[in-house]
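Asker: The structure under discussion is supplied below as structure tokens; questions concerning it will follow.
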Amino acid sequence: MKIKDLLGCKFGVAINEDVIKNHKNLIVNEFNSVTFENALKFNYRIKENLDYDFKEADKLYEFAVKNNLSVRGHCLVWHVGFPQKILGNLSRDELLNEIRRYTRSVAKRYPSIYAWDVVNEIYSMAEKGLRKTPFSEIIGEDYIEECFKIAREELGNKVELYYNEEDEWFMPKIKGIIKTAKRLVKKKVPIDGIGLQCHISCYEDVSNYRYLLENIKKLGLKCQITEMEVSVYDWTDGNYKVCPQEVLDKQAKVYLEMFKLFEDYKDTINLINFWSVSDGCTWRDNWPVINRKDWPTLFDEEDNPKKAYNQIVNYLAQKEQV
Ligand code: GLA
């Protein structure tokens with residue numbers, strides 16, 4: 001039995017060109033949805049002549065369509081990598097127009113994308129509120145509302161629109177996310193749901209997530225788990241040459257608790273997406289500590305299912321029988 005066949009929602013992973021070359025079987029056999037790691041980020045695609053570089057995205061999209069994988073879009077508006085030289089001197093209307101032009105292009109070129117992150121990481125703990133970004137500076141405080149409106153107009157009603165957020169594992173941030181989501185709903189912004197990145201560790205307090213999911217549900221919004229992994233480290237502490245079994249057991253426990261929680265909210269969550277395909281290929285080997293091996297996924301370095309995977313399968317299979 002496989003997780004993707006037992007879950008009541010989509011099961012996805014982030015891909016790039018190397019990943020589809022080296023881990024094709026794992027992706028095709030174990031997942032039914034993909035998102036592109038960097039290949040559709042607006043900031044990274046726009047060139048100095050205002051043309052777009054869709055070379056990698058075209059290949060990834062073709063791979064997804066050929067293998068019957070759903071595609072999730074990530075992301076339209078993000079502060080990281082803002083191309084100052086290209087967009088920094090535009091007026092409010094010009095920048096909004098550039099966002100519209102990009103959204104229209106991806107809608108036309110990749111018509112089967114079923115959901116988009118319209119905004120990514122907009123709430124800042126340091127600023128105790130909405131993050132100041134080149135987008136907010138140029139467009140103004142209403143940039144989030146404006147971008148959702150543009151996304152709805154250009155992508156249509158069938159594509160789900162998300163506010164995707166990071167660091168959603170501790171209460172002060174969770175409160176900030178809920179406050180932001182409430183504000184958007186109250187303003188009747190055309191938003192469908194909240195994306196939770198879920199870059200967590202095996203030291204996480206899962207009950208915080210329950211509180212967040214309950215509030216997302218109360219607001220009548222959907223939720224997607226967008227970039228999941230469970231690091232074996234408590235942030236920058238520790239550095240294993242080989243991961244001790246007791247740590248992998250701890251990781252399996254947190255994975256199981258999280259998937260149990262996701263099942264409790266299966267009417268709200270419609271995707272669980274991973275940010276690395278297996279322990280053999282993970283960006284967490286270089287974050288938050290450079291050159292430190294991590295084992296954060298459900299598959300080992302040879303792409304085989306780990307204890308965490310098997311426990312989730314057993315739990316979901318048992319649940320199905322009841
Ligand atoms: C954030 C972004 C992702 C990715 C990761 C790090 O979570 O949303 O697109 O860049 O950081 O790889």
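Residues are referred to by chain and number: the chain letter is A, B, ... according to the order shown in the structure tokens, the number counts from 1 in that chain, and ligands are numbered separately from 1 in the order shown.
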Compile the contact shell of segment 288-300 of chain A as an mmCIF file with all heavy atoms, in the first residue's frame: residues with an atom at most 8 Å away, counting only C-alpha atoms, same-chain residues fewer than 2 positions apart removed.

Answerer:
```cif
data_model
loop_
_atom_site.group_PDB
_atom_site.id
_atom_site.type_symbol
_atom_site.label_atom_id
_atom_site.label_comp_id
_atom_site.auth_asym_id
_atom_site.auth_seq_id
_atom_site.Cartn_x
_atom_site.Cartn_y
_atom_site.Cartn_z
ATOM 1 N N SER A 201 10.709 20.067 12.539
ATOM 2 C CA SER A 201 11.744 19.131 12.979
ATOM 3 C C SER A 201 11.104 18.081 13.888
ATOM 4 O O SER A 201 9.938 18.221 14.273
ATOM 5 C CB SER A 201 12.830 19.869 13.769
ATOM 6 O OG SER A 201 12.474 19.938 15.123
ATOM 7 N N GLU A 229 8.748 18.756 5.560
ATOM 8 C CA GLU A 229 9.861 17.866 5.896
ATOM 9 C C GLU A 229 10.019 17.919 7.404
ATOM 10 O O GLU A 229 9.603 18.892 8.035
ATOM 11 C CB GLU A 229 11.164 18.282 5.205
ATOM 12 C CG GLU A 229 11.699 19.614 5.641
ATOM 13 C CD GLU A 229 12.177 20.451 4.474
ATOM 14 O OE1 GLU A 229 12.316 19.936 3.369
ATOM 15 O OE2 GLU A 229 12.403 21.644 4.695
ATOM 16 N N VAL A 230 10.576 16.864 7.966
ATOM 17 C CA VAL A 230 10.804 16.818 9.409
ATOM 18 C C VAL A 230 12.296 16.588 9.624
ATOM 19 O O VAL A 230 12.796 15.464 9.517
ATOM 20 C CB VAL A 230 9.958 15.693 10.068
ATOM 21 C CG1 VAL A 230 10.238 15.629 11.569
ATOM 22 C CG2 VAL A 230 8.461 15.916 9.827
ATOM 23 N N SER A 231 13.017 17.659 9.906
ATOM 24 C CA SER A 231 14.463 17.575 10.110
ATOM 25 C C SER A 231 14.764 16.728 11.348
ATOM 26 O O SER A 231 13.983 16.717 12.304
ATOM 27 C CB SER A 231 15.025 18.987 10.306
ATOM 28 O OG SER A 231 16.364 18.912 10.760
ATOM 29 N N VAL A 232 15.901 16.046 11.337
ATOM 30 C CA VAL A 232 16.276 15.257 12.518
ATOM 31 C C VAL A 232 16.989 16.125 13.557
ATOM 32 O O VAL A 232 17.361 15.636 14.629
ATOM 33 C CB VAL A 232 17.158 14.041 12.152
ATOM 34 C CG1 VAL A 232 16.429 13.128 11.181
ATOM 35 C CG2 VAL A 232 18.509 14.461 11.582
ATOM 36 N N TYR A 233 17.177 17.399 13.239
ATOM 37 C CA TYR A 233 17.897 18.300 14.153
ATOM 38 C C TYR A 233 16.979 19.330 14.784
ATOM 39 O O TYR A 233 16.011 19.777 14.167
ATOM 40 C CB TYR A 233 18.997 19.057 13.395
ATOM 41 C CG TYR A 233 20.036 18.168 12.785
ATOM 42 C CD1 TYR A 233 20.095 17.995 11.401
ATOM 43 C CD2 TYR A 233 20.958 17.502 13.581
ATOM 44 C CE1 TYR A 233 21.054 17.184 10.827
ATOM 45 C CE2 TYR A 233 21.926 16.681 13.018
ATOM 46 C CZ TYR A 233 21.969 16.524 11.641
ATOM 47 O OH TYR A 233 22.908 15.706 11.086
ATOM 48 N N TRP A 235 16.948 22.581 15.019
ATOM 49 C CA TRP A 235 17.524 23.759 14.351
ATOM 50 C C TRP A 235 19.026 23.590 14.093
ATOM 51 O O TRP A 235 19.381 22.670 13.377
ATOM 52 C CB TRP A 235 17.183 25.023 15.168
ATOM 53 C CG TRP A 235 17.370 26.300 14.390
ATOM 54 C CD1 TRP A 235 18.102 27.387 14.772
ATOM 55 C CD2 TRP A 235 16.820 26.649 13.095
ATOM 56 N NE1 TRP A 235 18.050 28.377 13.818
ATOM 57 C CE2 TRP A 235 17.275 27.949 12.784
ATOM 58 C CE3 TRP A 235 16.001 25.972 12.167
ATOM 59 C CZ2 TRP A 235 16.947 28.605 11.591
ATOM 60 C CZ3 TRP A 235 15.672 26.620 10.977
ATOM 61 C CH2 TRP A 235 16.146 27.918 10.707
ATOM 62 N N THR A 236 19.898 24.410 14.723
ATOM 63 C CA THR A 236 21.328 24.294 14.381
ATOM 64 C C THR A 236 22.088 23.339 15.311
ATOM 65 O O THR A 236 23.284 23.111 15.132
ATOM 66 C CB THR A 236 22.013 25.687 14.437
ATOM 67 O OG1 THR A 236 21.699 26.276 15.689
ATOM 68 C CG2 THR A 236 21.531 26.581 13.310
ATOM 69 N N ASN A 239 25.027 17.316 14.812
ATOM 70 C CA ASN A 239 25.581 17.016 13.489
ATOM 71 C C ASN A 239 25.943 15.525 13.488
ATOM 72 O O ASN A 239 26.936 15.125 14.087
ATOM 73 C CB ASN A 239 26.835 17.881 13.244
ATOM 74 C CG ASN A 239 27.294 17.792 11.808
ATOM 75 O OD1 ASN A 239 26.835 16.938 11.041
ATOM 76 N ND2 ASN A 239 28.217 18.657 11.422
ATOM 77 N N TYR A 240 25.088 14.689 12.885
ATOM 78 C CA TYR A 240 25.341 13.246 12.894
ATOM 79 C C TYR A 240 26.048 12.812 11.617
ATOM 80 O O TYR A 240 25.719 13.305 10.543
ATOM 81 C CB TYR A 240 24.025 12.455 12.970
ATOM 82 C CG TYR A 240 23.101 12.855 14.095
ATOM 83 C CD1 TYR A 240 21.814 13.299 13.813
ATOM 84 C CD2 TYR A 240 23.504 12.747 15.424
ATOM 85 C CE1 TYR A 240 20.941 13.646 14.833
ATOM 86 C CE2 TYR A 240 22.634 13.090 16.448
ATOM 87 C CZ TYR A 240 21.358 13.550 16.147
ATOM 88 O OH TYR A 240 20.491 13.889 17.148
ATOM 89 N N LYS A 241 26.955 11.873 11.770
ATOM 90 C CA LYS A 241 27.541 11.256 10.562
ATOM 91 C C LYS A 241 26.555 10.220 10.027
ATOM 92 O O LYS A 241 26.310 10.112 8.839
ATOM 93 C CB LYS A 241 28.901 10.601 10.881
ATOM 94 C CG LYS A 241 29.996 11.604 11.146
ATOM 95 C CD LYS A 241 30.458 12.298 9.836
ATOM 96 C CE LYS A 241 31.093 13.662 10.099
ATOM 97 N NZ LYS A 241 30.189 14.813 10.043
ATOM 98 N N CYS A 243 22.593 8.854 11.097
ATOM 99 C CA CYS A 243 21.493 9.259 11.973
ATOM 100 C C CYS A 243 21.153 8.132 12.967
ATOM 101 O O CYS A 243 20.843 7.012 12.552
ATOM 102 C CB CYS A 243 20.266 9.614 11.141
ATOM 103 S SG CYS A 243 19.012 10.393 12.157
ATOM 104 N N PHE A 274 5.691 17.690 -0.215
ATOM 105 C CA PHE A 274 7.046 17.686 0.354
ATOM 106 C C PHE A 274 7.970 18.605 -0.425
ATOM 107 O O PHE A 274 7.764 18.840 -1.614
ATOM 108 C CB PHE A 274 7.595 16.252 0.349
ATOM 109 C CG PHE A 274 7.104 15.485 1.545
ATOM 110 C CD1 PHE A 274 5.781 15.089 1.644
ATOM 111 C CD2 PHE A 274 7.955 15.232 2.602
ATOM 112 C CE1 PHE A 274 5.316 14.432 2.771
ATOM 113 C CE2 PHE A 274 7.501 14.577 3.734
ATOM 114 C CZ PHE A 274 6.190 14.172 3.819
ATOM 115 N N SER A 276 11.424 18.048 -0.445
ATOM 116 C CA SER A 276 12.527 17.235 -0.969
ATOM 117 C C SER A 276 11.960 15.864 -1.257
ATOM 118 O O SER A 276 11.069 15.386 -0.547
ATOM 119 C CB SER A 276 13.643 17.045 0.055
ATOM 120 O OG SER A 276 14.008 18.248 0.643
ATOM 121 N N VAL A 277 12.517 15.219 -2.272
ATOM 122 C CA VAL A 277 11.950 13.947 -2.692
ATOM 123 C C VAL A 277 12.392 12.801 -1.780
ATOM 124 O O VAL A 277 11.610 11.943 -1.406
ATOM 125 C CB VAL A 277 12.234 13.726 -4.191
ATOM 126 C CG1 VAL A 277 13.682 13.412 -4.453
ATOM 127 C CG2 VAL A 277 11.351 12.666 -4.770
ATOM 128 N N SER A 278 13.686 12.798 -1.397
ATOM 129 C CA SER A 278 14.168 11.739 -0.492
ATOM 130 C C SER A 278 15.395 12.243 0.264
ATOM 131 O O SER A 278 15.939 13.308 -0.044
ATOM 132 C CB SER A 278 14.531 10.469 -1.277
ATOM 133 O OG SER A 278 15.813 10.613 -1.871
ATOM 134 N N ASP A 279 15.856 11.429 1.228
ATOM 135 C CA ASP A 279 17.048 11.830 1.989
ATOM 136 C C ASP A 279 18.291 11.865 1.100
ATOM 137 O O ASP A 279 19.321 12.422 1.473
ATOM 138 C CB ASP A 279 17.280 10.854 3.160
ATOM 139 C CG ASP A 279 16.190 10.967 4.212
ATOM 140 O OD1 ASP A 279 15.367 11.902 4.117
ATOM 141 O OD2 ASP A 279 16.156 10.106 5.125
ATOM 142 N N GLY A 280 18.194 11.282 -0.074
ATOM 143 C CA GLY A 280 19.322 11.288 -1.016
ATOM 144 C C GLY A 280 19.414 12.609 -1.761
ATOM 145 O O GLY A 280 20.377 12.838 -2.504
ATOM 146 N N THR A 282 18.239 16.391 -0.659
ATOM 147 C CA THR A 282 17.484 17.354 0.145
ATOM 148 C C THR A 282 18.244 18.653 0.369
ATOM 149 O O THR A 282 19.423 18.637 0.729
ATOM 150 C CB THR A 282 17.056 16.745 1.507
ATOM 151 O OG1 THR A 282 16.508 17.800 2.300
ATOM 152 C CG2 THR A 282 18.197 16.085 2.258
ATOM 153 N N ARG A 284 17.926 20.412 2.768
ATOM 154 C CA ARG A 284 18.212 20.565 4.193
ATOM 155 C C ARG A 284 19.646 20.144 4.537
ATOM 156 O O ARG A 284 20.113 20.399 5.641
ATOM 157 C CB ARG A 284 17.205 19.764 5.036
ATOM 158 C CG ARG A 284 15.779 20.258 4.925
ATOM 159 C CD ARG A 284 15.657 21.727 5.307
ATOM 160 N NE ARG A 284 15.946 21.968 6.695
ATOM 161 C CZ ARG A 284 15.026 22.082 7.659
ATOM 162 N NH1 ARG A 284 13.759 21.965 7.364
ATOM 163 N NH2 ARG A 284 15.382 22.335 8.893
ATOM 164 N N ASP A 285 20.370 19.529 3.587
ATOM 165 C CA ASP A 285 21.794 19.251 3.820
ATOM 166 C C ASP A 285 22.588 20.562 3.916
ATOM 167 O O ASP A 285 23.749 20.564 4.325
ATOM 168 C CB ASP A 285 22.376 18.410 2.669
ATOM 169 C CG ASP A 285 21.891 16.969 2.714
ATOM 170 O OD1 ASP A 285 21.271 16.581 3.717
ATOM 171 O OD2 ASP A 285 22.144 16.234 1.732
ATOM 172 N N ASN A 286 21.961 21.661 3.483
ATOM 173 C CA ASN A 286 22.653 22.955 3.536
ATOM 174 C C ASN A 286 21.852 24.057 4.217
ATOM 175 O O ASN A 286 22.137 25.231 4.029
ATOM 176 C CB ASN A 286 23.018 23.394 2.110
ATOM 177 C CG ASN A 286 24.157 22.556 1.577
ATOM 178 O OD1 ASN A 286 25.253 22.569 2.137
ATOM 179 N ND2 ASN A 286 23.894 21.792 0.539
ATOM 180 N N GLU A 302 18.482 5.771 -0.548
ATOM 181 C CA GLU A 302 18.306 4.941 -1.761
ATOM 182 C C GLU A 302 16.869 5.039 -2.285
ATOM 183 O O GLU A 302 16.432 4.206 -3.075
ATOM 184 C CB GLU A 302 18.622 3.476 -1.461
ATOM 185 C CG GLU A 302 20.080 3.080 -1.673
ATOM 186 C CD GLU A 302 20.946 3.602 -0.544
ATOM 187 O OE1 GLU A 302 20.610 3.324 0.625
ATOM 188 O OE2 GLU A 302 21.929 4.309 -0.829
ATOM 189 N N ASP A 303 16.137 5.993 -1.798
ATOM 190 C CA ASP A 303 14.736 6.212 -2.207
ATOM 191 C C ASP A 303 13.774 5.130 -1.705
ATOM 192 O O ASP A 303 12.676 4.963 -2.257
ATOM 193 C CB ASP A 303 14.597 6.338 -3.749
ATOM 194 C CG ASP A 303 15.134 7.665 -4.265
ATOM 195 O OD1 ASP A 303 15.650 8.455 -3.452
ATOM 196 O OD2 ASP A 303 15.041 7.908 -5.478
ATOM 197 N N ASN A 304 14.175 4.381 -0.682
ATOM 198 C CA ASN A 304 13.259 3.372 -0.115
ATOM 199 C C ASN A 304 12.456 3.966 1.046
ATOM 200 O O ASN A 304 12.969 4.821 1.765
ATOM 201 C CB ASN A 304 14.055 2.161 0.409
ATOM 202 C CG ASN A 304 14.755 1.450 -0.724
ATOM 203 O OD1 ASN A 304 14.152 1.206 -1.773
ATOM 204 N ND2 ASN A 304 16.035 1.163 -0.543
ATOM 205 N N PRO A 305 11.226 3.472 1.252
ATOM 206 C CA PRO A 305 10.404 3.984 2.351
ATOM 207 C C PRO A 305 11.070 3.768 3.709
ATOM 208 O O PRO A 305 11.671 2.716 3.954
ATOM 209 C CB PRO A 305 9.135 3.130 2.271
ATOM 210 C CG PRO A 305 9.144 2.488 0.947
ATOM 211 C CD PRO A 305 10.550 2.437 0.462
ATOM 212 N N LYS A 306 10.986 4.767 4.584
ATOM 213 C CA LYS A 306 11.552 4.670 5.937
ATOM 214 C C LYS A 306 10.474 4.206 6.916
ATOM 215 O O LYS A 306 9.300 4.097 6.566
ATOM 216 C CB LYS A 306 12.087 6.042 6.365
ATOM 217 C CG LYS A 306 13.343 6.435 5.627
ATOM 218 C CD LYS A 306 13.610 7.932 5.675
ATOM 219 C CE LYS A 306 13.872 8.497 7.053
ATOM 220 N NZ LYS A 306 14.195 9.952 6.976
ATOM 221 N N LYS A 307 10.904 4.016 8.162
ATOM 222 C CA LYS A 307 9.967 3.634 9.215
ATOM 223 C C LYS A 307 8.790 4.628 9.269
ATOM 224 O O LYS A 307 7.626 4.230 9.400
ATOM 225 C CB LYS A 307 10.718 3.631 10.554
ATOM 226 C CG LYS A 307 9.845 3.310 11.728
ATOM 227 C CD LYS A 307 10.669 3.117 12.987
ATOM 228 C CE LYS A 307 9.750 2.712 14.125
ATOM 229 N NZ LYS A 307 10.483 2.441 15.356
ATOM 230 N N ALA A 308 9.098 5.910 9.142
ATOM 231 C CA ALA A 308 8.050 6.935 9.208
ATOM 232 C C ALA A 308 6.991 6.678 8.138
ATOM 233 O O ALA A 308 5.785 6.777 8.392
ATOM 234 C CB ALA A 308 8.673 8.318 9.006
ATOM 235 N N TYR A 309 7.442 6.326 6.937
ATOM 236 C CA TYR A 309 6.505 6.055 5.830
ATOM 237 C C TYR A 309 5.614 4.863 6.174
ATOM 238 O O TYR A 309 4.385 4.916 6.056
ATOM 239 C CB TYR A 309 7.304 5.786 4.554
ATOM 240 C CG TYR A 309 6.441 5.504 3.329
ATOM 241 C CD1 TYR A 309 6.166 6.511 2.414
ATOM 242 C CD2 TYR A 309 5.899 4.231 3.093
ATOM 243 C CE1 TYR A 309 5.376 6.278 1.295
ATOM 244 C CE2 TYR A 309 5.103 3.988 1.987
ATOM 245 C CZ TYR A 309 4.843 5.001 1.092
ATOM 246 O OH TYR A 309 4.060 4.769 -0.009
#
```

Asker: Taking the DSSP secondary structure from the backbone, can you list the residues of segment 54-269 of chain A that are strand (DSSP E), as a ChimeraX atom specification?

Answerer: /A:70-73,77-78,113-120,123-124,129-130,160-165,193-196,199-201,222-231,269

Asker: Could you give me the residues within segment 1-133 of chain A that DSSP places in alpha helix (DSSP H), as a ChimeraX atom specification?

Answerer: /A:3-6,17-22,24-30,42-45,55-66,84-87,92-109

Asker: Pick out the residues sitting within 12 Å of Ala14 of chain A, and hand them over as number ranges by chain; count only C-alpha atoms, and ignore anything fewer than 3 positions along from it in its own chain.

Answerer: A: 11, 17-20, 23, 27, 31-40, 60, 64, 69-74, 197, 226-229, 272-278, 281-283

Asker: Could you check the closest approach to ligand 1 for each of A:Ala107, A:Leu196, A:Ala181, A:Ile138 and tell me which residue wins, using only C-alpha atoms and all ligand atoms?

Answerer: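 With only C-alpha atoms and all ligand atoms as the atom set, the closest residue is A:Leu196.
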
Asker: Excluding Glu98 of chain A and its own-chain neighbours fewer than 6 positions away, which residues fall within 10 Å of it when counting only C-alpha atoms? Please give them as a PDB file with N, CA, C and O atoms, in the first residue's frame.

Answerer:
```pdb
ATOM      1  N   PHE A  42       8.045  34.168 -10.044  1.00  0.00           N
ATOM      2  CA  PHE A  42       8.019  35.380 -10.873  1.00  0.00           C
ATOM      3  C   PHE A  42       9.359  36.123 -10.822  1.00  0.00           C
ATOM      4  O   PHE A  42       9.934  36.481 -11.860  1.00  0.00           O
ATOM      5  N   ILE A  46      11.634  36.637 -14.704  1.00  0.00           N
ATOM      6  CA  ILE A  46      11.594  37.822 -15.552  1.00  0.00           C
ATOM      7  C   ILE A  46      13.014  38.280 -15.887  1.00  0.00           C
ATOM      8  O   ILE A  46      13.880  38.350 -15.027  1.00  0.00           O
ATOM      9  N   LEU A  50      12.361  42.004 -20.137  1.00  0.00           N
ATOM     10  CA  LEU A  50      10.979  41.760 -19.676  1.00  0.00           C
ATOM     11  C   LEU A  50      10.355  40.486 -20.269  1.00  0.00           C
ATOM     12  O   LEU A  50       9.171  40.235 -20.126  1.00  0.00           O
ATOM     13  N   LEU A  87      12.580  45.622 -11.928  1.00  0.00           N
ATOM     14  CA  LEU A  87      11.248  46.077 -11.490  1.00  0.00           C
ATOM     15  C   LEU A  87      11.288  47.223 -10.478  1.00  0.00           C
ATOM     16  O   LEU A  87      10.257  47.836 -10.192  1.00  0.00           O
ATOM     17  N   LEU A  90       9.725  50.816 -11.241  1.00  0.00           N
ATOM     18  CA  LEU A  90       8.386  50.928 -11.836  1.00  0.00           C
ATOM     19  C   LEU A  90       7.440  51.698 -10.904  1.00  0.00           C
ATOM     20  O   LEU A  90       7.652  51.773  -9.699  1.00  0.00           O
ATOM     21  N   ARG A 104      -0.949  36.132 -16.443  1.00  0.00           N
ATOM     22  CA  ARG A 104      -1.637  35.772 -17.697  1.00  0.00           C
ATOM     23  C   ARG A 104      -0.788  34.784 -18.506  1.00  0.00           C
ATOM     24  O   ARG A 104      -1.291  33.815 -19.067  1.00  0.00           O
TER      25      ARG A 104
END
```

Asker: Give me the residues within 12 Å of segment 110-115 of chain A as a PDB file with C-alpha atoms, in the first residue's frame, counting only C-alpha atoms and dropping any in the same chain fewer than 3 places off.

Answerer:
```pdb
ATOM      1  CA  LYS A  10      -3.235  14.913  -3.069  1.00  0.00           C
ATOM      2  CA  SER A  33       1.096  16.098  -7.525  1.00  0.00           C
ATOM      3  CA  VAL A  34       4.193  18.240  -8.104  1.00  0.00           C
ATOM      4  CA  THR A  35       5.273  21.824  -7.666  1.00  0.00           C
ATOM      5  CA  PHE A  36       8.308  23.414  -9.277  1.00  0.00           C
ATOM      6  CA  LEU A  40       7.839  29.387 -11.741  1.00  0.00           C
ATOM      7  CA  PHE A  54      10.381  29.272 -18.953  1.00  0.00           C
ATOM      8  CA  ALA A  57       9.261  25.086 -16.265  1.00  0.00           C
ATOM      9  CA  ASP A  58       8.397  23.808 -19.765  1.00  0.00           C
ATOM     10  CA  LYS A  59      10.388  20.604 -19.151  1.00  0.00           C
ATOM     11  CA  LEU A  60       8.906  20.052 -15.695  1.00  0.00           C
ATOM     12  CA  TYR A  61       5.381  20.701 -16.937  1.00  0.00           C
ATOM     13  CA  GLU A  62       5.841  18.247 -19.793  1.00  0.00           C
ATOM     14  CA  ALA A  64       4.107  16.207 -15.059  1.00  0.00           C
ATOM     15  CA  VAL A  65       1.532  16.036 -17.823  1.00  0.00           C
ATOM     16  CA  ASN A  68      -0.356  12.237 -14.954  1.00  0.00           C
ATOM     17  CA  LEU A  69       0.797  14.388 -12.049  1.00  0.00           C
ATOM     18  CA  SER A  70      -1.203  17.429 -10.929  1.00  0.00           C
ATOM     19  CA  VAL A  71       0.741  20.688 -10.859  1.00  0.00           C
ATOM     20  CA  ARG A  72       0.668  23.358  -8.147  1.00  0.00           C
ATOM     21  CA  GLY A  73       2.001  26.846  -8.957  1.00  0.00           C
ATOM     22  CA  HIS A  74       4.620  28.516  -6.725  1.00  0.00           C
ATOM     23  CA  CYS A  75       4.791  31.546  -6.505  1.00  0.00           C
ATOM     24  CA  LEU A  76       3.673  34.911  -7.864  1.00  0.00           C
ATOM     25  CA  TYR A 102       3.192  37.206 -15.748  1.00  0.00           C
ATOM     26  CA  THR A 103       0.040  35.652 -14.298  1.00  0.00           C
ATOM     27  CA  ARG A 104      -1.637  35.772 -17.697  1.00  0.00           C
ATOM     28  CA  SER A 105       1.419  34.121 -19.307  1.00  0.00           C
ATOM     29  CA  VAL A 106       1.562  31.231 -16.856  1.00  0.00           C
ATOM     30  CA  ALA A 107      -2.204  30.734 -17.065  1.00  0.00           C
ATOM     31  CA  VAL A 118      -0.351  34.256  -4.899  1.00  0.00           C
ATOM     32  CA  ALA A 151      -4.781  36.281  -9.873  1.00  0.00           C
ATOM     33  CA  ARG A 152      -8.515  35.594  -9.823  1.00  0.00           C
ATOM     34  CA  GLU A 154      -6.226  35.992 -14.900  1.00  0.00           C
ATOM     35  CA  LEU A 155      -6.385  32.418 -13.571  1.00  0.00           C
ATOM     36  CA  GLY A 156     -10.153  32.086 -13.385  1.00  0.00           C
ATOM     37  CA  ASN A 157     -12.450  30.628 -10.753  1.00  0.00           C
ATOM     38  CA  LYS A 158     -11.284  27.034 -11.046  1.00  0.00           C
ATOM     39  CA  VAL A 159      -7.730  27.676  -9.849  1.00  0.00           C
ATOM     40  CA  GLU A 160      -7.338  27.806  -6.062  1.00  0.00           C
ATOM     41  CA  LEU A 161      -5.532  30.860  -4.717  1.00  0.00           C
ATOM     42  CA  TYR A 162      -3.319  30.599  -1.624  1.00  0.00           C
ATOM     43  CA  TYR A 163      -1.496  32.729   0.907  1.00  0.00           C
ATOM     44  CA  ASN A 164       1.562  30.586   1.692  1.00  0.00           C
ATOM     45  CA  ILE A 191      -8.552  33.817  -1.470  1.00  0.00           C
ATOM     46  CA  ASP A 192      -9.260  30.071  -1.274  1.00  0.00           C
ATOM     47  CA  GLY A 193      -6.835  28.951   1.357  1.00  0.00           C
ATOM     48  CA  ILE A 194      -3.709  29.086   3.463  1.00  0.00           C
ATOM     49  CA  GLY A 195      -0.550  27.210   2.526  1.00  0.00           C
ATOM     50  CA  LYS A 222      -8.914  25.451   2.641  1.00  0.00           C
ATOM     51  CA  CYS A 223      -5.408  24.451   3.586  1.00  0.00           C
ATOM     52  CA  GLN A 224      -2.477  22.939   1.737  1.00  0.00           C
ATOM     53  CA  THR A 226       3.111  22.984   0.876  1.00  0.00           C
ATOM     54  CA  ASN A 270      -6.482  19.049   0.089  1.00  0.00           C
ATOM     55  CA  LEU A 271      -2.737  18.555  -0.442  1.00  0.00           C
TER      56      LEU A 271
END
```

Asker: For atom CA of Tyr315 of chain A and atom CA of Met171 of chain A, quote the distance in Å rounded to one decimal.

Answerer: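 Taking atom CA of Tyr315 of chain A and atom CA of Met171 of chain A, their separation equals 28.2 Å.
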
Asker: Out of A:Lys188, A:Lys21, A:His79, A:Lys4, which residue has the shortest atom-to-atom distance to ligand 1 when counting only C-alpha atoms and all ligand atoms?

Answerer: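 Checking each of A:Lys188, A:Lys21, A:His79, A:Lys4 against ligand 1, counting only C-alpha atoms and all ligand atoms, the winner is A:His79.
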
Asker: Show me, as a list in words, the residues that have an atom within 12 Å of Asp267 of chain A when counting only C-alpha atoms, minus same-chain residues fewer than 5 positions from it.

Answerer: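 The filter keeps Leu7, Gly8, Cys9, Leu213, Glu214, Ile216, Lys217, Lys218, Gly220, Leu221, Lys222, Cys223, Gln224, Leu261 and Phe262 of chain A.
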
Asker: Go ahead and write the selection's residues with C-alpha atoms as a compact mmCIF listing (two decimals), in the first residue's frame.

Answerer:
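Result went into again_31.txt, see below:
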```txt
# COMPACT_ATOMS: atom_id res chain seq x y z
CA LEU A 7 -4.80 9.63 1.68
CA GLY A 8 -7.99 11.53 1.05
CA CYS A 9 -6.02 14.35 -0.56
CA LEU A 213 -5.84 24.23 11.39
CA GLU A 214 -8.90 24.73 13.58
CA ILE A 216 -8.25 28.04 9.19
CA LYS A 217 -11.28 25.75 9.14
CA LYS A 218 -13.36 28.24 11.16
CA GLY A 220 -14.03 28.63 5.89
CA LEU A 221 -10.68 28.47 4.11
CA LYS A 222 -8.91 25.45 2.64
CA CYS A 223 -5.41 24.45 3.59
CA GLN A 224 -2.48 22.94 1.74
CA LEU A 261 -3.76 15.52 12.60
CA PHE A 262 -4.06 16.01 8.84
```

Asker: May I ask which of the residues A:Leu26, A:Leu219, A:Cys202, A:Leu184 is the closest one to Glu301 of chain A, counting only C-alpha atoms?

Answerer: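 Of A:Leu26, A:Leu219, A:Cys202, A:Leu184, the one nearest Glu301 of chain A, counting only C-alpha atoms, is A:Leu26.
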
Asker: Quick one: of A:Lys132, A:His199, A:Lys85, A:Arg101, who's nearest to ligand 1, counting only C-alpha atoms and all ligand atoms?

Answerer: A:His199

Asker: Of the residues A:Ile99, A:Val13, A:Ile269, A:Val189, which is the one nearest to ligand 1, using only C-alpha atoms and all ligand atoms?

Answerer: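 Of all the options, A:Val13 lies closest to ligand 1.
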
Asker: In Å, with one decimal, what is the gap from atom CA of Pro190 of chain A to atom CA of Glu145 of chain A?

Answerer: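 Distance between the two atoms: 8.1 Å.
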